[in-house]
file work.csv (CSV, C-alpha atoms)
chain,number,residue,atom,x,y,z
A,863,MET,CA,-7.0,-3.9,31.1
A,864,ALA,CA,-7.2,-7.6,30.5
A,865,ARG,CA,-4.2,-9.4,29.3
A,866,LEU,CA,-3.7,-13.0,28.3
A,867,ASP,CA,-1.3,-13.5,31.2
A,868,ASP,CA,-3.5,-11.6,33.6
A,869,VAL,CA,-4.9,-14.7,35.2
A,870,ASN,CA,-5.2,-13.3,38.7
A,871,GLY,CA,-8.6,-14.0,39.9
A,872,ASP,CA,-9.9,-15.4,36.6
A,873,ALA,CA,-9.9,-19.0,37.9
A,874,ALA,CA,-12.0,-18.2,40.9
A,875,LEU,CA,-14.4,-16.1,38.8
A,876,VAL,CA,-14.7,-18.9,36.2
A,877,GLN,CA,-15.5,-21.4,39.0
A,878,ARG,CA,-18.2,-19.2,40.4
A,879,ALA,CA,-19.6,-18.5,36.9
A,880,ARG,CA,-19.8,-22.3,36.4
A,881,GLU,CA,-22.1,-22.4,39.4
A,882,GLY,CA,-24.4,-19.7,37.8
A,883,ASP,CA,-23.0,-16.7,39.7
A,884,GLY,CA,-24.0,-13.8,37.5
A,885,ALA,CA,-21.9,-11.2,39.3
A,886,ALA,CA,-18.7,-13.3,38.7
A,887,PHE,CA,-19.6,-13.7,35.0
A,888,GLU,CA,-20.2,-10.0,34.7
A,889,VAL,CA,-16.7,-9.2,36.1
A,890,LEU,CA,-15.3,-11.5,33.4
A,891,VAL,CA,-17.4,-9.8,30.7
A,892,ARG,CA,-16.2,-6.4,31.8
A,893,ARG,CA,-12.6,-7.6,32.0
A,894,TYR,CA,-12.5,-9.1,28.5
A,895,MET,CA,-15.0,-7.0,26.6
A,896,ARG,CA,-12.5,-4.5,25.2
A,897,PRO,CA,-9.9,-7.0,23.9
A,898,ALA,CA,-12.8,-9.2,22.6
A,899,TYR,CA,-14.1,-6.2,20.7
A,900,ALA,CA,-10.7,-5.4,19.3
A,901,VAL,CA,-10.3,-9.0,18.1
A,902,ALA,CA,-13.7,-9.0,16.6
A,903,LEU,CA,-13.4,-5.6,14.9
A,904,GLY,CA,-10.1,-6.8,13.4
A,905,VAL,CA,-12.0,-9.5,11.6
A,906,VAL,CA,-15.5,-8.2,10.8
A,907,LYS,CA,-14.5,-4.5,10.5
A,908,GLU,CA,-18.0,-3.2,11.4
A,909,PRO,CA,-18.5,-2.0,15.0
A,910,ALA,CA,-22.1,-3.2,15.1
A,911,ASP,CA,-21.0,-6.7,13.9
A,912,ALA,CA,-18.1,-6.7,16.3
A,913,GLU,CA,-20.5,-6.1,19.2
A,914,ASP,CA,-22.7,-9.0,18.0
A,915,VAL,CA,-19.7,-11.2,17.7
A,916,CYS,CA,-18.7,-10.3,21.3
A,917,GLN,CA,-22.2,-11.1,22.6
A,918,ASP,CA,-22.4,-14.4,20.9
A,919,ALA,CA,-18.8,-15.3,21.9
A,920,PHE,CA,-19.5,-14.6,25.6
A,921,ILE,CA,-22.7,-16.7,25.6
A,922,ARG,CA,-20.9,-19.6,23.8
A,923,ALA,CA,-18.1,-19.3,26.3
A,924,LEU,CA,-20.5,-19.5,29.2
A,925,GLU,CA,-22.2,-22.5,27.7
A,926,ARG,CA,-18.9,-24.3,27.3
A,927,LEU,CA,-17.3,-23.0,30.5
A,928,ASP,CA,-16.9,-26.5,31.9
A,929,ASP,CA,-14.4,-27.3,29.0
A,930,CYS,CA,-12.1,-24.4,29.8
A,931,ASP,CA,-8.9,-24.4,31.9
A,932,PRO,CA,-9.8,-21.6,34.3
A,933,VAL,CA,-6.3,-20.1,34.5
A,934,ARG,CA,-6.3,-19.8,30.7
A,935,PHE,CA,-9.7,-18.3,30.4
A,936,GLY,CA,-8.6,-15.1,28.6
A,937,ALA,CA,-6.8,-16.9,25.7
A,938,TRP,CA,-9.6,-19.5,25.5
A,939,LEU,CA,-12.3,-16.8,25.3
A,940,LEU,CA,-10.5,-14.7,22.7
A,941,ARG,CA,-10.1,-17.8,20.5
A,942,ILE,CA,-13.9,-18.3,20.7
A,943,VAL,CA,-14.2,-14.6,19.7
A,944,ARG,CA,-12.0,-15.1,16.7
A,945,ASN,CA,-13.7,-18.2,15.5
A,946,ARG,CA,-17.1,-16.6,16.0
A,947,ALA,CA,-15.9,-13.5,14.0
A,948,TYR,CA,-14.8,-15.7,11.1
A,949,SER,CA,-18.2,-17.4,11.1
A,950,VAL,CA,-20.0,-14.1,11.1
A,951,ARG,CA,-17.7,-12.8,8.3
A,952,ARG,CA,-18.4,-15.9,6.2
A,953,TYR,CA,-22.1,-15.5,6.8
A,954,LEU,CA,-22.0,-11.8,5.9
A,955,GLY,CA,-19.6,-12.5,3.0
A,956,VAL,CA,-22.2,-11.7,0.3
A,957,ARG,CA,-23.4,-8.6,2.2
A,958,GLU,CA,-22.0,-5.3,1.1
A,959,ALA,CA,-20.5,-3.4,3.9
A,960,ALA,CA,-22.7,-0.6,5.2
A,961,PRO,CA,-21.4,2.8,4.1
A,962,LEU,CA,-19.0,3.8,6.9
A,963,ASP,CA,-20.3,7.4,6.8
A,964,ALA,CA,-23.8,6.3,7.5
A,965,LEU,CA,-22.6,3.9,10.2
A,966,ALA,CA,-20.6,6.6,12.0
A,967,LEU,CA,-23.3,9.2,11.8
A,968,ALA,CA,-25.9,6.7,12.9
A,969,THR,CA,-24.2,6.5,16.3
A,970,GLY,CA,-23.5,10.2,16.5
A,971,GLU,CA,-26.4,12.1,18.1
A,972,PRO,CA,-26.6,15.8,17.1
A,973,GLY,CA,-24.4,17.4,19.7
A,974,PRO,CA,-21.5,19.5,20.4
A,975,HIS,CA,-18.9,20.2,17.7
A,976,ARG,CA,-16.4,18.0,19.5
A,977,MET,CA,-18.6,14.9,19.3
A,978,LEU,CA,-19.1,15.5,15.6
A,979,GLU,CA,-15.4,15.7,15.1
A,980,ARG,CA,-14.8,12.5,17.0
A,981,SER,CA,-17.5,10.8,15.0
A,982,ARG,CA,-15.8,11.9,11.8
A,983,LEU,CA,-12.4,10.7,13.1
A,984,ARG,CA,-14.0,7.3,14.0
A,985,ARG,CA,-15.4,7.0,10.5
A,986,ASP,CA,-12.0,7.8,8.9
A,987,LEU,CA,-10.2,5.4,11.2
A,988,LEU,CA,-12.6,2.6,10.3
A,989,ALA,CA,-12.2,3.4,6.6
A,990,ALA,CA,-8.4,3.3,7.0
A,991,LEU,CA,-8.5,0.0,9.1
A,992,ALA,CA,-10.7,-1.6,6.4
A,993,GLY,CA,-7.9,-1.1,4.0
A,994,LEU,CA,-5.4,-3.2,6.1
A,995,LYS,CA,-4.8,-6.9,5.9
A,996,GLU,CA,-6.8,-8.7,8.6
A,997,VAL,CA,-3.8,-9.7,10.6
A,998,GLN,CA,-2.5,-6.1,10.5
A,999,ARG,CA,-5.8,-4.8,11.7
A,1000,GLN,CA,-5.9,-7.3,14.6
A,1001,VAL,CA,-2.3,-6.5,15.6
A,1002,VAL,CA,-2.7,-2.7,15.5
A,1003,LEU,CA,-6.0,-2.8,17.4
A,1004,LEU,CA,-4.7,-5.0,20.1
A,1005,HIS,CA,-1.5,-3.1,20.4
A,1006,ASP,CA,-2.5,0.5,19.9
A,1007,LEU,CA,-6.1,0.3,21.3
A,1008,GLU,CA,-5.8,-2.3,24.0
A,1009,GLY,CA,-2.1,-1.8,24.9
A,1010,TRP,CA,-1.1,-5.5,24.5
A,1011,LYS,CA,2.5,-6.5,24.2
A,1012,HIS,CA,3.9,-8.0,21.1
A,1013,ARG,CA,4.4,-11.3,22.9
A,1014,GLU,CA,0.8,-11.4,24.0
A,1015,ILE,CA,-0.5,-10.7,20.6
A,1016,GLY,CA,1.8,-13.4,19.2
A,1017,ALA,CA,0.4,-15.9,21.6
A,1018,LEU,CA,-3.2,-15.1,20.7
A,1019,LEU,CA,-2.6,-15.1,16.9
A,1020,ASP,CA,0.0,-17.9,16.8
A,1021,LEU,CA,2.6,-15.6,15.4
A,1022,PRO,CA,6.3,-15.1,16.3
A,1023,GLU,CA,7.0,-11.8,18.1
A,1024,GLY,CA,9.0,-10.5,15.2
A,1025,THR,CA,6.2,-11.0,12.8
A,1026,VAL,CA,3.9,-9.2,15.1
A,1027,ARG,CA,6.3,-6.2,15.1
A,1028,ALA,CA,6.5,-6.3,11.4
A,1029,HIS,CA,2.7,-6.3,11.0
A,1030,LEU,CA,2.4,-3.4,13.5
A,1031,PHE,CA,5.0,-1.4,11.6
A,1032,HIS,CA,3.2,-1.9,8.2
A,1033,ALA,CA,-0.2,-1.3,9.7
A,1034,ARG,CA,0.8,2.0,11.3
A,1035,ARG,CA,2.5,3.2,8.2
A,1036,ALA,CA,-0.5,2.3,6.1
A,1037,LEU,CA,-2.9,4.1,8.5
A,1038,ARG,CA,-0.7,7.2,8.5
A,1039,ASP,CA,-0.6,7.2,4.7
A,1040,HIS,CA,-4.4,6.7,4.4
A,1041,GLU,CA,-6.0,9.6,2.6
A,1042,ALA,CA,-9.0,9.8,4.9
A,1043,LEU,CA,-6.8,10.1,8.0
A,1044,LYS,CA,-4.6,12.7,6.3
A,1045,ARG,CA,-7.8,14.7,5.5
A,1046,SER,CA,-8.9,14.3,9.1
A,1047,LYS,CA,-5.6,15.8,10.4
A,1048,GLU,CA,-5.6,18.6,7.9
A,1049,GLY,CA,-9.3,19.3,8.5
B,1359,MET,CA,12.3,3.7,12.5
B,1360,GLU,CA,8.9,2.5,13.7
B,1361,PRO,CA,5.9,4.8,13.0
B,1362,GLU,CA,4.4,6.3,16.1
B,1363,ARG,CA,1.5,4.8,17.9
B,1364,LEU,CA,-1.8,6.0,16.5
B,1365,ASP,CA,-4.6,7.4,18.6
B,1366,LEU,CA,-7.3,4.8,18.1
B,1367,SER,CA,-9.3,5.9,21.1
B,1368,PRO,CA,-12.3,6.9,18.9
B,1369,LEU,CA,-12.7,3.2,18.3
B,1370,ASP,CA,-12.7,2.3,22.0
B,1371,PRO,CA,-16.1,0.7,22.7
B,1372,ALA,CA,-15.9,2.1,26.2
B,1373,ALA,CA,-15.4,5.7,25.0
B,1374,ASP,CA,-19.2,6.1,24.9
B,1375,GLN,CA,-19.9,5.0,28.4
B,1376,LEU,CA,-23.7,4.7,27.9
B,1377,ALA,CA,-23.4,2.6,24.7
B,1378,TYR,CA,-20.8,0.4,26.5
B,1379,GLU,CA,-23.0,-0.2,29.5
B,1380,ARG,CA,-25.8,-1.1,27.1
B,1381,LEU,CA,-23.6,-3.6,25.4
B,1382,ILE,CA,-22.6,-5.2,28.8
B,1383,ARG,CA,-26.3,-5.3,29.8
B,1384,ARG,CA,-27.2,-6.9,26.5
B,1385,VAL,CA,-24.6,-9.6,27.1
B,1386,MET,CA,-25.7,-10.2,30.7
B,1387,ALA,CA,-29.4,-10.4,29.6
B,1388,ALA,CA,-28.5,-12.9,27.0
B,1389,ALA,CA,-26.5,-14.9,29.5
B,1390,GLU,CA,-29.2,-15.1,32.1
B,1391,PRO,CA,-31.0,-18.3,30.9
B,1392,GLU,CA,-27.7,-20.2,30.9
B,1393,LEU,CA,-26.7,-18.8,34.3
B,1394,GLU,CA,-30.1,-19.8,35.6
B,1395,ARG,CA,-29.7,-23.3,34.2
B,1396,ARG,CA,-26.4,-23.5,36.0
B,1397,ARG,CA,-27.8,-22.3,39.3
B,1398,ILE,CA,-30.6,-24.9,39.2
B,1399,THR,CA,-28.2,-27.8,38.3
B,1400,ARG,CA,-25.8,-26.8,41.1
B,1401,THR,CA,-28.2,-26.7,44.1
B,1402,PRO,CA,-27.1,-29.0,47.0
B,1403,LEU,CA,-29.9,-31.4,46.3
B,1404,SER,CA,-29.0,-31.7,42.7
B,1405,VAL,CA,-25.4,-32.2,43.5
B,1406,LEU,CA,-26.4,-35.0,45.8
B,1407,GLY,CA,-28.7,-36.3,43.1
B,1408,GLY,CA,-25.8,-36.2,40.7
B,1409,TRP,CA,-23.9,-38.4,43.1
B,1410,ALA,CA,-26.8,-40.8,43.7
B,1411,ARG,CA,-26.7,-42.5,40.3
B,1412,PRO,CA,-23.0,-43.5,40.4
B,1413,VAL,CA,-23.2,-44.5,44.0
B,1414,LEU,CA,-26.3,-46.7,43.3
B,1415,ALA,CA,-24.5,-48.3,40.4
B,1416,ALA,CA,-21.4,-49.0,42.5
B,1417,ALA,CA,-23.6,-50.4,45.3
B,1418,ALA,CA,-25.3,-52.7,42.8
B,1419,ILE,CA,-22.0,-54.0,41.5
B,1420,VAL,CA,-20.8,-54.6,45.1
B,1421,ALA,CA,-24.0,-56.5,45.9
B,1422,VAL,CA,-23.7,-58.7,42.8
B,1423,MET,CA,-20.0,-59.5,43.6
B,1424,ALA,CA,-20.8,-60.2,47.3
B,1425,GLY,CA,-23.7,-62.5,46.3
B,1426,SER,CA,-21.5,-64.4,43.8
B,1427,VAL,CA,-18.8,-64.9,46.5
B,1428,LEU,CA,-21.5,-66.1,49.0
B,1429,VAL,CA,-22.9,-68.6,46.6
B,1430,ALA,CA,-19.5,-69.9,45.6
B,1431,THR,CA,-18.5,-70.3,49.3
B,1432,GLU,CA,-21.7,-72.2,50.2
B,1433,ARG,CA,-21.2,-74.5,47.2
B,1434,ASP,CA,-17.6,-75.4,48.1
B,1435,ARG,CA,-18.3,-75.9,51.9
B,1436,PRO,CA,-18.2,-79.7,52.9
B,1437,ALA,CA,-21.5,-81.2,54.0
B,1438,GLN,CA,-21.6,-80.9,57.8
B,1439,ALA,CA,-22.9,-83.6,60.2
B,1440,GLN,CA,-26.5,-83.5,61.2
B,1441,ALA,CA,-27.0,-81.4,64.3
B,1442,PRO,CA,-27.7,-83.5,67.4
B,1443,ALA,CA,-31.4,-84.0,68.2
B,1444,ASP,CA,-31.2,-83.2,71.8
B,1445,MET,CA,-28.9,-82.4,74.7
B,1446,ALA,CA,-28.5,-86.1,75.8
B,1447,GLU,CA,-27.4,-87.1,72.4
B,1448,ALA,CA,-25.0,-84.2,72.2
B,1449,LEU,CA,-23.4,-85.2,75.5
B,1450,GLY,CA,-23.2,-88.8,74.3
B,1451,VAL,CA,-25.5,-90.3,77.0
B,1452,PRO,CA,-26.7,-93.8,76.0
B,1453,ALA,CA,-30.4,-94.0,75.0
B,1454,PRO,CA,-31.4,-96.5,77.8
B,1455,ALA,CA,-29.8,-94.2,80.4
B,1456,VAL,CA,-31.8,-91.3,79.1
B,1457,GLU,CA,-35.0,-93.3,79.6
B,1458,TRP,CA,-34.1,-94.1,83.2
B,1459,LEU,CA,-33.3,-90.5,83.8
B,1460,VAL,CA,-36.6,-89.3,82.2
B,1461,GLU,CA,-38.6,-91.9,84.2
B,1462,GLY,CA,-36.6,-90.9,87.4
B,1463,ARG,CA,-35.9,-94.5,88.4
B,1464,GLU,CA,-32.8,-96.6,89.1
B,1465,PRO,CA,-32.1,-99.3,86.4
B,1466,THR,CA,-33.0,-102.8,87.3
B,1467,LYS,CA,-30.7,-105.8,86.6
B,1468,ALA,CA,-32.8,-106.6,83.6
B,1469,ASP,CA,-32.4,-103.1,82.3
B,1470,LEU,CA,-28.6,-103.3,82.5
B,1471,VAL,CA,-28.6,-106.7,80.8
B,1472,LEU,CA,-30.8,-105.4,78.0
B,1473,ALA,CA,-28.6,-102.3,77.6
B,1474,MET,CA,-25.5,-104.5,77.4
B,1475,GLU,CA,-27.3,-106.6,74.8
B,1476,ARG,CA,-28.2,-103.5,72.7
B,1477,ARG,CA,-24.6,-102.2,72.6
B,1478,ARG,CA,-23.3,-105.5,71.4
call {"tool": "encode", "arguments": {"input": "work.csv", "output": "structure tokens"}}
result
Amino acid sequence: MARLDDVNGDAALVQRAREGDGAAFEVLVRRYMRPAYAVALGVVKEPADAEDVCQDAFIRALERLDDCDPVRFGAWLLRIVRNRAYSVRRYLGVREAAPLDALALATGEPGPHRMLERSRLRRDLLAALAGLKEVQRQVVLLHDLEGWKHREIGALLDLPEGTVRAHLFHARRALRDHEALKRSKEG
Amino acid sequence: MEPERLDLSPLDPAADQLAYERLIRRVMAAAEPELERRRITRTPLSVLGGWARPVLAAAAIVAVMAGSVLVATERDRPAQAQAPADMAEALGVPAPAVEWLVEGREPTKADLVLAMERRR
């Protein structure tokens, strides 16, 4: 799991990617895709938009790779992801969010009961997350989905560790109290 | 007391391996033109080519500076004496003696008197 302070090997990979080594760049993409997705989802809320943000951000990062300090690649990339996510959100600002039900069902092929249940839970989680403040969403996704530490999240979001803890507390409580998630548990 | 960690794994993009691989492939496909551009611009020849321009510029500057120094040195050097016309003059042999040597004869009394007259 990629972390901001997990710089082992990043510098060498960045150097090789600068020379056009696709294999090295793919390792970086695989290493940082999940945190990038969590950061993007925290801003744009829609999984499909988060994927687009990640793709754009990786390409922009590759184009500007010569500007990056190789040992700080992770933090640098995730800032590009955040900025890209803000741009996409501004661009989509006037667009109404796609109904989450339709979105969740669109990705769920007809299949076993378990898949359907998971798809429903995903839909409810997205609905609950959409109700959080943006910073809460980012914190809870990075912490509970990606397993980042408070300190690392604070470094990425420019927040004191205590503030990160507070956001996490409120985010978790709001998610637990969310009607859709309560129904999911009961159902 | 802090609420428990939520299970957000249904939101994990890697939970659906096929979809996740498709996403990675998509990114890599979009990255290919830039990677290709980087491969082309980083070949040994192009690296040397990249060096050529600054090296040529530096060489031109050095040449201009060297030329200026040479011109200045030449201008400041004092005019030197004319080089001797031949070996005899260089050795300081008097002109009449040179004639006798060239003709391979001993000087007569008249030659010596004439030579003395010329030096006076």
call {"tool": "atom_distance", "arguments": {"input": "work.csv", "atom1": "atom CA of Glu1447 of chain B", "atom2": "atom CA of Leu1459 of chain B"}}
result
13.3 Å
call {"tool": "residues_around", "arguments": {"input": "work.csv", "residues": "Glu888 of chain A", "least_positions_apart": "6", "cutoff": "10 Å", "atoms": "all atoms listed in the file", "output": "PyMOL selection string"}}
result
(chain A and resi 875+879+894) or (chain B and resi 1382-1383+1385-1386+1389)
call {"tool": "residues_around", "arguments": {"input": "work.csv", "residues": "Leu1030 of chain A", "least_positions_apart": "2", "cutoff": "10 Å", "atoms": "all atoms listed in the file", "output": "VMD selection string"}}
result
(chain A and resid 997 to 1006 1012 1024 to 1028 1032 to 1036) or (chain B and resid 1360 to 1361 1363)
call {"tool": "closest_atom_pairs", "arguments": {"input": "work.csv", "of": "chain A", "to": "chain B", "cutoff": "6 Å", "atoms": "all atoms listed in the file", "output": "tab-separated table"}}
result
residue	atom	partner	partner_atom	distance
A:Glu881	CA	B:Arg1396	CA	5.6
A:Gly882	CA	B:Leu1393	CA	4.3
A:Gln917	CA	B:Val1385	CA	5.3
A:Ile921	CA	B:Ala1389	CA	5.7
A:Arg984	CA	B:Pro1368	CA	5.2
A:Leu1007	CA	B:Leu1366	CA	5.7
A:Phe1031	CA	B:Glu1360	CA	5.9
call {"tool": "atom_distance", "arguments": {"input": "work.csv", "atom1": "atom CA of Ala874 of chain A", "atom2": "atom CA of Ala1017 of chain A"}}
result
23.1 Å
